[in-house]
file input.cif (mmCIF, C-alpha atoms and all ligand atoms)
data_input
loop_
_atom_site.label_atom_id
_atom_site.label_comp_id
_atom_site.auth_asym_id
_atom_site.auth_seq_id
_atom_site.Cartn_x
_atom_site.Cartn_y
_atom_site.Cartn_z
CA MET Z 5 -123.76 27.23 -43.92
CA ARG Z 6 -124.62 26.05 -40.42
CA SER Z 7 -122.49 26.13 -37.35
CA ASP Z 8 -122.85 23.73 -34.45
CA ALA Z 9 -124.53 26.50 -32.50
CA ASP Z 10 -127.33 26.59 -35.10
CA ARG Z 11 -127.91 22.90 -34.71
CA SER Z 12 -128.08 22.93 -30.92
CA THR Z 13 -131.43 21.86 -29.54
CA PRO Z 14 -133.70 24.68 -28.48
CA PRO Z 15 -133.42 25.76 -24.83
CA PHE Z 16 -136.22 23.53 -23.65
CA GLU Z 17 -136.84 19.81 -23.67
CA LEU Z 18 -138.06 19.34 -27.24
CA GLU Z 19 -137.74 15.57 -27.00
CA GLU Z 20 -139.86 15.57 -23.91
CA ALA Z 21 -142.34 17.93 -25.53
CA LEU Z 22 -142.62 15.70 -28.56
CA ARG Z 23 -143.35 12.69 -26.37
CA ALA Z 24 -145.94 14.60 -24.33
CA SER Z 25 -149.63 14.66 -25.04
CA ASP Z 26 -150.90 17.46 -27.30
CA GLU Z 27 -152.03 19.50 -24.34
CA ARG Z 28 -148.74 19.18 -22.46
CA PHE Z 29 -146.88 19.94 -25.72
CA ARG Z 30 -148.83 23.15 -26.08
CA LEU Z 31 -148.03 24.15 -22.49
CA LEU Z 32 -144.36 23.33 -22.78
CA VAL Z 33 -143.71 25.31 -25.94
CA ALA Z 34 -146.31 28.07 -25.58
CA GLY Z 35 -143.97 30.68 -24.06
CA VAL Z 36 -140.94 29.97 -26.25
CA ARG Z 37 -140.25 33.15 -28.27
CA ASP Z 38 -137.08 32.44 -30.18
CA TYR Z 39 -138.42 29.43 -32.05
CA ALA Z 40 -141.61 28.86 -33.93
CA ILE Z 41 -142.73 25.48 -32.62
CA PHE Z 42 -145.96 24.00 -33.86
CA LEU Z 43 -147.60 20.75 -34.82
CA LEU Z 44 -148.98 19.66 -38.16
CA ASP Z 45 -151.50 16.91 -38.68
CA THR Z 46 -150.67 14.05 -41.03
CA GLU Z 47 -151.77 16.18 -44.01
CA GLY Z 48 -149.62 19.14 -43.05
CA ASN Z 49 -152.32 21.36 -41.56
CA VAL Z 50 -151.31 23.45 -38.56
CA SER Z 51 -152.71 21.99 -35.35
CA SER Z 52 -150.88 23.97 -32.65
CA TRP Z 53 -149.09 27.33 -32.47
CA ASN Z 54 -146.74 29.05 -30.03
CA GLU Z 55 -145.59 32.58 -29.21
CA GLY Z 56 -142.40 32.27 -31.25
CA ALA Z 57 -144.40 31.14 -34.30
CA GLN Z 58 -146.64 34.18 -33.99
CA ARG Z 59 -143.66 36.48 -33.58
CA ILE Z 60 -141.76 35.09 -36.58
CA LYS Z 61 -144.60 34.31 -38.98
CA GLN Z 62 -147.03 37.00 -37.78
CA TYR Z 63 -150.19 34.83 -37.82
CA THR Z 64 -152.26 34.60 -34.66
CA GLU Z 65 -153.32 31.20 -33.44
CA GLU Z 66 -156.91 31.73 -34.61
CA GLU Z 67 -155.75 32.77 -38.08
CA ILE Z 68 -153.50 29.82 -38.68
CA LEU Z 69 -154.98 26.74 -37.01
CA GLY Z 70 -156.26 24.37 -39.67
CA ARG Z 71 -154.36 26.09 -42.52
CA HIS Z 72 -151.91 24.07 -44.60
CA PHE Z 73 -148.27 24.81 -43.72
CA SER Z 74 -147.39 25.43 -47.39
CA ILE Z 75 -148.73 28.94 -46.75
CA PHE Z 76 -145.28 29.74 -45.31
CA TYR Z 77 -143.50 28.89 -48.60
CA PRO Z 78 -142.78 31.09 -51.63
CA ARG Z 79 -145.02 30.52 -54.64
CA ALA Z 80 -142.43 28.72 -56.75
CA GLU Z 81 -141.80 26.16 -54.03
CA ILE Z 82 -145.50 25.46 -53.68
CA ASP Z 83 -145.69 24.96 -57.44
CA SER Z 84 -142.80 22.49 -57.27
CA ARG Z 85 -144.54 20.68 -54.35
CA LYS Z 86 -141.59 21.23 -52.06
CA PRO Z 87 -143.58 21.36 -48.75
CA TRP Z 88 -145.17 17.97 -49.48
CA ARG Z 89 -141.82 16.48 -50.43
CA GLU Z 90 -140.38 17.65 -47.12
CA LEU Z 91 -143.08 15.78 -45.25
CA GLU Z 92 -142.35 12.67 -47.29
CA ILE Z 93 -138.68 12.88 -46.37
CA ALA Z 94 -139.55 13.40 -42.69
CA VAL Z 95 -141.70 10.26 -42.82
CA ALA Z 96 -139.04 8.23 -44.62
CA GLU Z 97 -136.03 9.39 -42.61
CA GLY Z 98 -137.56 10.47 -39.31
CA SER Z 99 -136.90 14.15 -39.86
CA PHE Z 100 -136.15 16.80 -42.46
CA GLU Z 101 -133.77 19.72 -42.01
CA GLU Z 102 -132.87 22.70 -44.15
CA GLU Z 103 -132.27 26.42 -44.37
CA GLY Z 104 -134.29 28.40 -46.87
CA TRP Z 105 -136.61 31.29 -47.57
CA ARG Z 106 -140.04 31.34 -45.91
CA LEU Z 107 -142.77 33.97 -45.95
CA ARG Z 108 -144.24 36.04 -43.18
CA LYS Z 109 -147.91 36.91 -43.22
CA ASP Z 110 -147.19 40.32 -44.76
CA GLY Z 111 -145.38 38.62 -47.63
CA ARG Z 112 -141.85 39.58 -46.58
CA ARG Z 113 -139.44 36.69 -46.72
CA PHE Z 114 -137.15 35.55 -43.94
CA TRP Z 115 -134.25 33.11 -43.90
CA ALA Z 116 -135.34 30.12 -41.85
CA SER Z 117 -133.65 27.17 -40.26
CA VAL Z 118 -136.25 24.43 -40.31
CA VAL Z 119 -136.56 20.98 -38.70
CA ILE Z 120 -139.60 18.84 -39.37
CA THR Z 121 -139.92 15.70 -37.23
CA ALA Z 122 -142.40 12.92 -37.97
CA LEU Z 123 -144.50 11.93 -34.94
CA HIS Z 124 -145.87 8.44 -34.41
CA GLY Z 125 -148.74 7.02 -32.39
CA PRO Z 126 -148.59 4.03 -30.00
CA GLU Z 127 -148.96 1.53 -32.86
CA GLY Z 128 -146.22 3.19 -34.86
CA GLU Z 129 -148.70 4.87 -37.16
CA LEU Z 130 -147.98 8.44 -38.38
CA ALA Z 131 -149.58 10.91 -35.97
CA GLY Z 132 -148.44 14.19 -37.55
CA PHE Z 133 -145.36 16.41 -37.54
CA ALA Z 134 -143.58 18.78 -35.20
CA LYS Z 135 -142.02 21.76 -36.88
CA VAL Z 136 -139.35 23.98 -35.35
CA THR Z 137 -138.39 27.10 -37.27
CA ARG Z 138 -135.81 29.71 -36.41
CA ASP Z 139 -135.49 33.13 -38.05
CA LEU Z 140 -131.86 33.52 -39.18
CA THR Z 141 -132.41 36.53 -41.45
CA GLU Z 142 -130.34 38.85 -39.30
CA ARG Z 143 -127.53 36.33 -38.98
CA ARG Z 144 -127.55 35.68 -42.72
CA ARG Z 145 -127.45 39.42 -43.39
CA ASN Z 146 -124.43 39.80 -41.10
CA GLN Z 147 -122.79 36.79 -42.67
CA ARG Z 148 -123.26 38.29 -46.12
CA ARG Z 149 -121.91 41.61 -44.97
CA LEU Z 150 -118.88 39.78 -43.58
CA ASP Z 151 -118.46 37.80 -46.80
CA ALA Z 152 -118.62 40.99 -48.86
CA LEU Z 153 -116.06 42.58 -46.57
CA ARG Z 154 -113.81 39.55 -46.88
CA ARG Z 155 -114.17 39.59 -50.66
CA ARG Z 156 -113.22 43.25 -50.75
CA GLU Z 157 -110.19 42.54 -48.54
CA MET Z 158 -109.18 39.70 -50.88
CA LEU Z 159 -109.43 41.97 -53.90
CA LYS Z 160 -107.34 44.59 -52.15
CA LEU Z 161 -104.72 41.99 -51.23
CA ARG Z 162 -104.64 40.64 -54.76
CA GLU Z 163 -104.19 44.16 -56.12
CA HIS Z 164 -101.42 44.75 -53.60
CA ALA Z 165 -99.67 41.52 -54.63
CA ARG Z 166 -99.93 42.54 -58.29
CA ARG Z 167 -98.42 45.94 -57.56
CA MET Z 168 -95.61 44.30 -55.57
CA SER Z 169 -94.83 41.97 -58.42
CA ASP Z 170 -94.87 44.89 -60.90
CA LEU Z 171 -92.50 46.70 -58.59
CA GLU Z 172 -90.19 43.67 -58.44
CA THR Z 173 -90.14 43.52 -62.23
CA ALA Z 174 -89.45 47.24 -62.40
CA LYS Z 175 -86.60 46.80 -59.90
CA SER Z 176 -85.09 44.01 -62.01
CA ASP Z 177 -85.44 46.05 -65.19
CA PHE Z 178 -83.88 49.01 -63.48
CA LEU Z 179 -81.05 46.87 -62.17
CA ARG Z 180 -80.22 45.55 -65.61
CA LEU Z 181 -80.57 48.87 -67.39
CA ALA Z 182 -78.68 50.92 -64.84
CA SER Z 183 -75.78 48.49 -64.66
CA HIS Z 184 -75.44 48.22 -68.44
CA GLU Z 185 -75.77 51.93 -69.03
CA LEU Z 186 -73.34 52.87 -66.27
CA ARG Z 187 -70.64 50.50 -67.31
CA GLY Z 188 -69.82 52.36 -70.56
CA PRO Z 189 -69.29 55.86 -69.13
CA LEU Z 190 -67.44 54.44 -66.13
CA THR Z 191 -64.94 52.69 -68.38
CA VAL Z 192 -64.29 55.97 -70.17
CA ILE Z 193 -63.91 57.87 -66.89
CA ARG Z 194 -61.50 55.27 -65.60
CA GLY Z 195 -59.48 55.28 -68.81
CA PHE Z 196 -58.98 59.03 -68.91
CA THR Z 197 -58.34 59.26 -65.17
CA THR Z 198 -55.65 56.63 -65.46
CA MET Z 199 -54.07 58.59 -68.29
CA LEU Z 200 -54.19 61.73 -66.16
CA ALA Z 201 -52.67 59.91 -63.19
CA GLU Z 202 -49.88 58.47 -65.32
CA GLY Z 203 -49.06 61.87 -66.80
CA THR Z 204 -49.86 60.73 -70.36
CA LEU Z 205 -51.90 63.89 -70.88
CA GLY Z 206 -49.25 66.19 -69.42
CA GLU Z 207 -47.73 66.83 -66.02
CA LEU Z 208 -50.17 67.63 -63.21
CA CYS Z 209 -49.61 69.88 -60.27
CA GLU Z 210 -49.58 68.33 -56.82
CA ASP Z 211 -53.21 69.29 -56.01
CA ALA Z 212 -54.46 67.91 -59.34
CA ARG Z 213 -52.59 64.65 -58.77
CA ARG Z 214 -54.23 64.25 -55.37
CA ALA Z 215 -57.65 65.00 -56.89
CA VAL Z 216 -57.09 62.51 -59.72
CA ALA Z 217 -56.08 59.81 -57.21
CA ILE Z 218 -59.39 60.32 -55.41
CA VAL Z 219 -61.38 60.22 -58.67
CA LEU Z 220 -59.60 56.98 -59.57
CA ALA Z 221 -60.41 55.38 -56.19
CA LYS Z 222 -64.03 56.51 -56.42
CA SER Z 223 -64.43 55.22 -59.97
CA ASP Z 224 -63.12 51.86 -58.73
CA GLU Z 225 -65.81 51.92 -56.04
CA ALA Z 226 -68.44 52.78 -58.64
CA ASN Z 227 -67.17 49.96 -60.85
CA ALA Z 228 -67.46 47.51 -57.97
CA ILE Z 229 -71.06 48.56 -57.41
CA VAL Z 230 -71.87 48.21 -61.11
CA ASP Z 231 -70.29 44.74 -61.06
CA GLN Z 232 -72.55 43.79 -58.15
CA LEU Z 233 -75.59 45.14 -59.98
CA LEU Z 234 -74.68 43.21 -63.11
CA GLU Z 235 -74.12 40.00 -61.13
CA THR Z 236 -77.47 40.41 -59.40
CA ALA Z 237 -79.21 41.05 -62.71
CA ARG Z 238 -77.52 37.95 -64.16
CA ILE Z 239 -78.74 35.81 -61.26
CA GLU Z 240 -82.28 37.14 -61.57
CA GLU Z 241 -82.37 36.42 -65.26
CA GLY Z 242 -80.89 32.95 -64.74
CA ARG Z 243 -77.86 33.88 -66.85
CA LEU Z 244 -75.18 33.13 -64.28
CA THR Z 245 -72.77 30.35 -65.16
CA LEU Z 246 -70.02 29.27 -62.81
CA ARG Z 247 -66.48 28.60 -63.99
CA ARG Z 248 -65.47 26.00 -61.44
CA GLU Z 249 -61.87 25.13 -60.73
CA ARG Z 250 -60.43 22.89 -58.06
CA THR Z 251 -59.14 25.26 -55.43
CA ASP Z 252 -57.51 25.07 -52.04
CA LEU Z 253 -59.74 27.34 -50.02
CA ARG Z 254 -56.80 28.18 -47.75
CA ASP Z 255 -55.13 30.07 -50.63
CA LEU Z 256 -58.25 31.98 -51.62
CA VAL Z 257 -59.18 32.95 -48.05
CA GLY Z 258 -55.59 33.83 -47.21
CA ALA Z 259 -55.19 36.06 -50.27
CA THR Z 260 -58.56 37.79 -49.85
CA ALA Z 261 -57.90 38.46 -46.17
CA GLU Z 262 -54.50 39.94 -47.01
CA ARG Z 263 -56.22 42.41 -49.33
CA LEU Z 264 -58.15 43.69 -46.30
CA ARG Z 265 -55.08 44.25 -44.17
CA PRO Z 266 -54.04 47.65 -45.59
CA LEU Z 267 -57.54 48.98 -44.85
CA LEU Z 268 -57.47 48.08 -41.14
CA SER Z 269 -57.24 50.89 -38.62
CA ALA Z 270 -54.88 50.73 -35.66
CA ARG Z 271 -57.78 49.52 -33.52
CA HIS Z 272 -58.57 46.53 -35.75
CA ARG Z 273 -56.84 43.19 -35.65
CA LEU Z 274 -57.18 40.51 -38.32
CA VAL Z 275 -56.52 36.86 -37.55
CA VAL Z 276 -56.68 34.15 -40.22
CA ASP Z 277 -56.91 30.53 -39.05
CA LEU Z 278 -56.17 27.97 -41.74
CA PRO Z 279 -56.03 24.17 -41.39
CA ASP Z 280 -52.80 22.29 -41.98
CA ALA Z 281 -54.16 20.14 -44.80
CA PRO Z 282 -55.59 21.48 -48.10
CA ALA Z 283 -59.31 22.32 -48.04
CA LEU Z 284 -60.26 21.47 -51.60
CA VAL Z 285 -63.41 22.81 -53.24
CA ASP Z 286 -64.62 23.10 -56.84
CA ILE Z 287 -65.51 26.76 -57.09
CA ASP Z 288 -65.68 29.78 -59.34
CA ARG Z 289 -62.75 31.60 -57.75
CA GLU Z 290 -63.81 35.07 -58.86
CA ARG Z 291 -67.29 34.59 -57.41
CA LEU Z 292 -66.03 33.19 -54.11
CA ARG Z 293 -63.55 36.07 -53.89
CA THR Z 294 -66.54 38.42 -54.16
CA VAL Z 295 -68.33 36.57 -51.34
CA LEU Z 296 -65.35 36.51 -48.98
CA GLY Z 297 -64.46 40.09 -49.90
CA ASN Z 298 -67.96 41.23 -48.95
CA LEU Z 299 -67.97 39.33 -45.65
CA LEU Z 300 -64.59 40.78 -44.68
CA ASP Z 301 -65.56 44.23 -45.93
CA ASN Z 302 -68.72 44.08 -43.78
CA ALA Z 303 -66.78 42.86 -40.74
CA LEU Z 304 -64.52 45.87 -41.04
CA LYS Z 305 -67.22 48.39 -42.00
CA TYR Z 306 -69.60 47.41 -39.24
CA SER Z 307 -67.01 47.43 -36.44
CA PRO Z 308 -66.22 51.16 -36.52
CA ASP Z 309 -64.73 51.06 -33.01
CA GLY Z 310 -62.26 48.37 -33.98
CA GLY Z 311 -61.86 44.88 -32.53
CA LEU Z 312 -60.84 41.46 -33.69
CA ILE Z 313 -61.82 40.18 -37.13
CA ARG Z 314 -61.27 36.46 -37.39
CA CYS Z 315 -61.44 34.34 -40.50
CA THR Z 316 -61.38 30.59 -39.87
CA VAL Z 317 -61.30 27.81 -42.47
CA ARG Z 318 -62.23 24.28 -41.34
CA ASP Z 319 -62.30 21.03 -43.24
CA GLU Z 320 -65.17 19.05 -41.76
CA SER Z 321 -64.18 15.70 -43.21
CA GLU Z 322 -67.07 13.75 -41.62
CA SER Z 323 -69.77 15.91 -43.18
CA GLY Z 324 -67.93 16.32 -46.49
CA GLN Z 325 -67.99 20.09 -46.13
CA VAL Z 326 -65.57 22.94 -45.88
CA THR Z 327 -66.57 25.92 -43.76
CA VAL Z 328 -65.38 29.50 -43.43
CA ASP Z 329 -66.35 31.61 -40.41
CA VAL Z 330 -65.94 35.37 -40.51
CA THR Z 331 -66.48 36.94 -37.08
CA ASP Z 332 -66.22 40.49 -35.85
CA GLU Z 333 -66.71 42.40 -32.60
CA GLY Z 334 -68.72 45.18 -34.20
CA ILE Z 335 -72.13 46.77 -33.79
CA GLY Z 336 -74.03 43.53 -34.47
CA ILE Z 337 -77.48 43.01 -35.95
CA GLY Z 338 -80.78 43.12 -34.04
CA ALA Z 339 -82.97 40.00 -34.03
CA ASP Z 340 -85.75 42.03 -35.69
CA GLU Z 341 -83.39 42.97 -38.54
CA MET Z 342 -82.16 39.43 -39.20
CA PRO Z 343 -84.98 38.45 -41.60
CA ARG Z 344 -83.99 41.25 -44.00
CA LEU Z 345 -80.27 40.60 -43.83
CA PHE Z 346 -79.96 38.63 -47.08
CA THR Z 347 -82.68 40.41 -49.05
CA ARG Z 348 -81.96 42.45 -52.14
CA PHE Z 349 -81.13 46.06 -51.23
CA GLY Z 350 -81.56 44.89 -47.62
CA ARG Z 351 -79.71 47.67 -45.87
CA LEU Z 352 -80.59 47.67 -42.18
CA VAL Z 353 -80.40 51.35 -41.44
CA ASN Z 354 -80.35 52.29 -37.77
CA ALA Z 355 -78.68 54.78 -35.47
CA ARG Z 356 -75.58 52.58 -35.21
CA ASN Z 357 -74.85 52.23 -38.92
CA SER Z 358 -76.66 54.97 -40.83
CA HIS Z 359 -73.36 56.77 -41.49
CA ILE Z 360 -71.74 53.65 -43.03
CA PRO Z 361 -72.12 53.54 -46.83
CA GLY Z 362 -73.34 50.53 -48.79
CA THR Z 363 -75.94 49.44 -51.34
CA GLY Z 364 -77.36 46.46 -49.45
CA LEU Z 365 -76.62 44.12 -52.33
CA GLY Z 366 -73.51 42.43 -50.97
CA LEU Z 367 -75.07 39.77 -48.75
CA HIS Z 368 -77.94 39.02 -51.13
CA LEU Z 369 -75.49 38.42 -53.92
CA SER Z 370 -73.13 36.47 -51.65
CA ARG Z 371 -75.80 34.06 -50.50
CA GLU Z 372 -77.07 33.53 -54.06
CA LEU Z 373 -73.54 32.84 -55.29
CA VAL Z 374 -72.84 30.41 -52.44
CA ARG Z 375 -76.11 28.58 -53.10
CA ARG Z 376 -75.22 28.23 -56.78
CA HIS Z 377 -72.17 26.36 -55.53
CA GLY Z 378 -74.41 24.00 -53.55
CA GLY Z 379 -73.44 25.69 -50.29
CA GLU Z 380 -75.10 27.93 -47.74
CA LEU Z 381 -74.41 31.23 -46.01
CA THR Z 382 -75.92 32.03 -42.59
CA ALA Z 383 -75.39 34.57 -39.84
CA THR Z 384 -75.68 34.86 -36.08
CA SER Z 385 -75.27 38.10 -34.24
CA GLU Z 386 -75.66 39.92 -30.96
CA PRO Z 387 -76.01 43.70 -31.03
CA GLY Z 388 -73.07 45.38 -29.34
CA VAL Z 389 -71.12 42.11 -29.15
CA GLY Z 390 -70.47 41.08 -32.73
CA THR Z 391 -71.47 39.03 -35.75
CA ARG Z 392 -70.50 35.68 -37.20
CA PHE Z 393 -71.06 34.67 -40.81
CA HIS Z 394 -70.88 30.96 -41.49
CA LEU Z 395 -70.09 29.86 -45.04
CA LEU Z 396 -70.46 26.25 -46.01
CA LEU Z 397 -69.24 24.63 -49.26
CA PRO Z 398 -69.27 21.02 -50.44
CA ARG Z 399 -65.81 19.46 -50.41
CA ALA Z 400 -64.42 18.66 -53.88
CA HIS Z 401 -65.33 15.17 -55.08
CA GLY Z 402 -62.61 12.62 -54.54
CA SER Z 403 -60.57 14.94 -52.32
N1 LIG Z 501 -70.74 42.19 -39.97
C1 LIG Z 501 -71.84 42.94 -39.85
N2 LIG Z 501 -72.15 43.57 -38.68
C2 LIG Z 501 -73.27 44.30 -38.55
N3 LIG Z 501 -74.17 44.52 -39.54
C3 LIG Z 501 -73.91 43.93 -40.73
C4 LIG Z 501 -72.76 43.12 -40.94
N4 LIG Z 501 -72.81 42.67 -42.22
C5 LIG Z 501 -73.91 43.18 -42.76
N5 LIG Z 501 -74.59 43.95 -41.87
C6 LIG Z 501 -75.87 44.64 -42.10
O1 LIG Z 501 -76.52 44.01 -43.18
C7 LIG Z 501 -76.81 44.93 -44.21
C8 LIG Z 501 -76.67 44.24 -45.54
O2 LIG Z 501 -75.31 43.94 -45.81
P1 LIG Z 501 -74.77 43.96 -47.29
O3 LIG Z 501 -73.38 43.54 -47.31
O4 LIG Z 501 -75.76 43.21 -48.10
O5 LIG Z 501 -74.96 45.48 -47.69
P2 LIG Z 501 -74.01 46.72 -47.47
O6 LIG Z 501 -72.76 46.32 -46.80
O7 LIG Z 501 -74.84 47.77 -46.79
O8 LIG Z 501 -73.76 47.19 -48.94
P3 LIG Z 501 -72.81 46.52 -50.04
O9 LIG Z 501 -72.21 45.30 -49.45
O10 LIG Z 501 -73.75 46.20 -51.15
O11 LIG Z 501 -71.86 47.60 -50.37
C9 LIG Z 501 -75.85 46.07 -43.99
O12 LIG Z 501 -76.40 47.28 -44.50
C10 LIG Z 501 -75.71 46.09 -42.49
O13 LIG Z 501 -76.76 46.83 -41.91
MG MG Z 502 -71.57 44.68 -47.67
#
call {"tool": "encode", "arguments": {"input": "input.cif", "output": "structure tokens"}}
result
Amino acid sequence: MRSDADRSTPPFELEEALRASDERFRLLVAGVRDYAIFLLDTEGNVSSWNEGAQRIKQYTEEEILGRHFSIFYPRAEIDSRKPWRELEIAVAEGSFEEEGWRLRKDGRRFWASVVITALHGPEGELAGFAKVTRDLTERRRNQRRLDALRRREMLKLREHARRMSDLETAKSDFLRLASHELRGPLTVIRGFTTMLAEGTLGELCEDARRAVAIVLAKSDEANAIVDQLLETARIEEGRLTLRRERTDLRDLVGATAERLRPLLSARHRLVVDLPDAPALVDIDRERLRTVLGNLLDNALKYSPDGGLIRCTVRDESESGQVTVDVTDEGIGIGADEMPRLFTRFGRLVNARNSHIPGTGLGLHLSRELVRRHGGELTATSEPGVGTRFHLLLPRAHGS
């Protein structure tokens, strides 16, 4: 491979040298060390030599003058008449250029960049050839080293990608297995705890009743997590089917927000803004309840010092979309954390939220569910100021 730098004319006036008489040519190129520059007669015998030629090819002027230039070529190329063919091409096309192996006097090969130019006399008759050769062995060696290095890097990257994909598969398998396996025992725990709470298994003392109430609440939490895991596994396996029903989003948002109210602290305020007219969408209500529940749950969880949580439904009739904004005045999300916000298990643990529990599945699942509905879920946030989630759904056809 040749770069433009390789092709650049040598640092002397080659053109001028080629036009000059033999004697002036010899003077002009004699001291050039980086290039072997010499003349051949019409047969290809060496008729002039310079310092660079001696340095690269190791022959002295006396040794080489009058010898045929094929002496610089490996045996196989002489056998295939390559040197003679090169001269023929130079005659036919004006010059011949290539990179290839050549031999030094001691038999060691070097990687050469070669240009052979046909020279013509005053009547246009062939007068001989000028040959410029550059030793690129070192450059080629470095290039090869670089190529090898690059190849090794590629292999490492490929291996890394394979391991990542294995890990992803393992995560999916784990997700499916864990959720299925947990569901059974959790159902049993919940069943017996409910019986204990209701006194079916005998009266409990006050302390036991309190303990059972906590176990019940915690098993509900565990159930919710297992549900999320199962939903995520379903999405990953392409097994999720929506049960769409025409729904007024005002009802769904209103009801879900009301479920949050008992959990608010005295420092929190919840405001729900609904439009006057119905905001009709064709949605899987259970799934959308999960999405809204998670957005509201996050708004509350991640504003530990309180503040306003606002849930606004808008019917954007011009664009044919219905939107829901959930905003809070909580800890916010750093710009550097944003790219991981919707990723699976994408908990953004930092000093501000490390004490707040969660699995990091909620937003991933929410966005996937919204997208299955043909909608989109996005977020904007400013750390210390608050966060806004923007949910967009297509309006029901014909509404
Ligand atoms: N309203 C918000 N304000 C600040 N950070 C948020 C907000 N919502 C989400 N985050 C950040 O995004 C991360 C991912 O949210 P997500 O709902 O997916 O997970 P989670 O709430 O940690 O767990 P899960 O919802 O599965 O119980 C959270 O861990 C949190 O760091
Ligand atoms: Mg969450």
call {"tool": "residues_near_ligand", "arguments": {"input": "input.cif", "ligand": "ligand MG 502 (chain Z)", "cutoff": "9 Å", "atoms": "only C-alpha atoms and all ligand atoms", "output": "compact mmCIF listing (two decimals) with C-alpha atoms, in the coordinates of the input"}}
result
# COMPACT_ATOMS: atom_id res chain seq x y z
CA GLY Z 297 -64.46 40.09 -49.90
CA ASN Z 298 -67.96 41.23 -48.95
CA LEU Z 299 -67.97 39.33 -45.65
CA LEU Z 300 -64.59 40.78 -44.68
CA ASP Z 301 -65.56 44.23 -45.93
CA ASN Z 302 -68.72 44.08 -43.78
CA ALA Z 303 -66.78 42.86 -40.74
CA LYS Z 305 -67.22 48.39 -42.00
CA ARG Z 351 -79.71 47.67 -45.87
CA PRO Z 361 -72.12 53.54 -46.83
CA GLY Z 362 -73.34 50.53 -48.79
CA THR Z 363 -75.94 49.44 -51.34
CA GLY Z 364 -77.36 46.46 -49.45
CA LEU Z 365 -76.62 44.12 -52.33
CA GLY Z 366 -73.51 42.43 -50.97
CA LEU Z 367 -75.07 39.77 -48.75
call {"tool": "atom_distance", "arguments": {"input": "input.cif", "atom1": "CA of Leu107 in chain Z", "atom2": "CA of Ser74 in chain Z"}}
result
9.8 Å
call {"tool": "closest_residue", "arguments": {"input": "input.cif", "among": "Z:Glu127, Z:Glu97, Z:Glu322, Z:Glu225", "to": "ligand LIG 501 (chain Z)", "atoms": "only C-alpha atoms and all ligand atoms"}}
result
Z:Glu225
call {"tool": "residues_near_point", "arguments": {"input": "input.cif", "point": "(-146.2, 31.7, -33.0)", "cutoff": "12 Å", "atoms": "all atoms listed in the file", "output": "PyMOL selection string"}}
result
chain Z and resi 30+33-43+50-69+108-109+135-139
call {"tool": "closest_residue", "arguments": {"input": "input.cif", "among": "Z:Arg265, Z:Phe29, Z:Glu380, Z:Thr46", "to": "Gly125 in chain Z", "atoms": "only C-alpha atoms"}}
result
Z:Thr46
call {"tool": "atom_distance", "arguments": {"input": "input.cif", "atom1": "atom C1 of ligand LIG 501 (chain Z)", "atom2": "CA of Arg371 in chain Z"}}
result
14.4 Å
call {"tool": "residues_near_ligand", "arguments": {"input": "input.cif", "ligand": "ligand LIG 501 (chain Z)", "cutoff": "9 Å", "atoms": "only C-alpha atoms and all ligand atoms", "output": "PyMOL selection string"}}
result
chain Z and resi 228-229+232+298-307+330-338+341-342+344-354+356-358+360-370+383+385+387+390-393
call {"tool": "residues_around", "arguments": {"input": "input.cif", "residues": "Leu130 in chain Z", "least_positions_apart": "3", "cutoff": "12 Å", "atoms": "all atoms listed in the file", "output": "compact mmCIF listing (two decimals) with C-alpha atoms, in the coordinates of the input"}}
result
# COMPACT_ATOMS: atom_id res chain seq x y z
CA LEU Z 44 -148.98 19.66 -38.16
CA ASP Z 45 -151.50 16.91 -38.68
CA THR Z 46 -150.67 14.05 -41.03
CA GLU Z 47 -151.77 16.18 -44.01
CA GLY Z 48 -149.62 19.14 -43.05
CA LEU Z 91 -143.08 15.78 -45.25
CA GLU Z 92 -142.35 12.67 -47.29
CA ALA Z 94 -139.55 13.40 -42.69
CA VAL Z 95 -141.70 10.26 -42.82
CA ALA Z 96 -139.04 8.23 -44.62
CA GLY Z 98 -137.56 10.47 -39.31
CA THR Z 121 -139.92 15.70 -37.23
CA ALA Z 122 -142.40 12.92 -37.97
CA LEU Z 123 -144.50 11.93 -34.94
CA HIS Z 124 -145.87 8.44 -34.41
CA GLY Z 125 -148.74 7.02 -32.39
CA PRO Z 126 -148.59 4.03 -30.00
CA GLU Z 127 -148.96 1.53 -32.86
CA PHE Z 133 -145.36 16.41 -37.54
CA ALA Z 134 -143.58 18.78 -35.20
call {"tool": "atom_distance", "arguments": {"input": "input.cif", "atom1": "CA of Arg271 in chain Z", "atom2": "CA of Val219 in chain Z"}}
result
27.6 Å
call {"tool": "residues_near_point", "arguments": {"input": "input.cif", "point": "(-72.5, 49.9, -58.8)", "cutoff": "12 Å", "atoms": "all atoms listed in the file", "output": "PyMOL selection string"}}
result
chain Z and resi 179-187+190+222-237+362-366
call {"tool": "residues_around", "arguments": {"input": "input.cif", "residues": "Val374 in chain Z", "least_positions_apart": "3", "cutoff": "10 Å", "atoms": "all atoms listed in the file", "output": "ChimeraX atom specification"}}
result
/Z:287-288,291-292,295,369-371,377-381,395-397
call {"tool": "write_last_selection", "arguments": {"input": "input.cif", "atoms": "C-alpha atoms", "output": "compact mmCIF listing (two decimals), keeping the file's coordinate frame"}}
result
# COMPACT_ATOMS: atom_id res chain seq x y z
CA ILE Z 287 -65.51 26.76 -57.09
CA ASP Z 288 -65.68 29.78 -59.34
CA ARG Z 291 -67.29 34.59 -57.41
CA LEU Z 292 -66.03 33.19 -54.11
CA VAL Z 295 -68.33 36.57 -51.34
CA LEU Z 369 -75.49 38.42 -53.92
CA SER Z 370 -73.13 36.47 -51.65
CA ARG Z 371 -75.80 34.06 -50.50
CA HIS Z 377 -72.17 26.36 -55.53
CA GLY Z 378 -74.41 24.00 -53.55
CA GLY Z 379 -73.44 25.69 -50.29
CA GLU Z 380 -75.10 27.93 -47.74
CA LEU Z 381 -74.41 31.23 -46.01
CA LEU Z 395 -70.09 29.86 -45.04
CA LEU Z 396 -70.46 26.25 -46.01
CA LEU Z 397 -69.24 24.63 -49.26
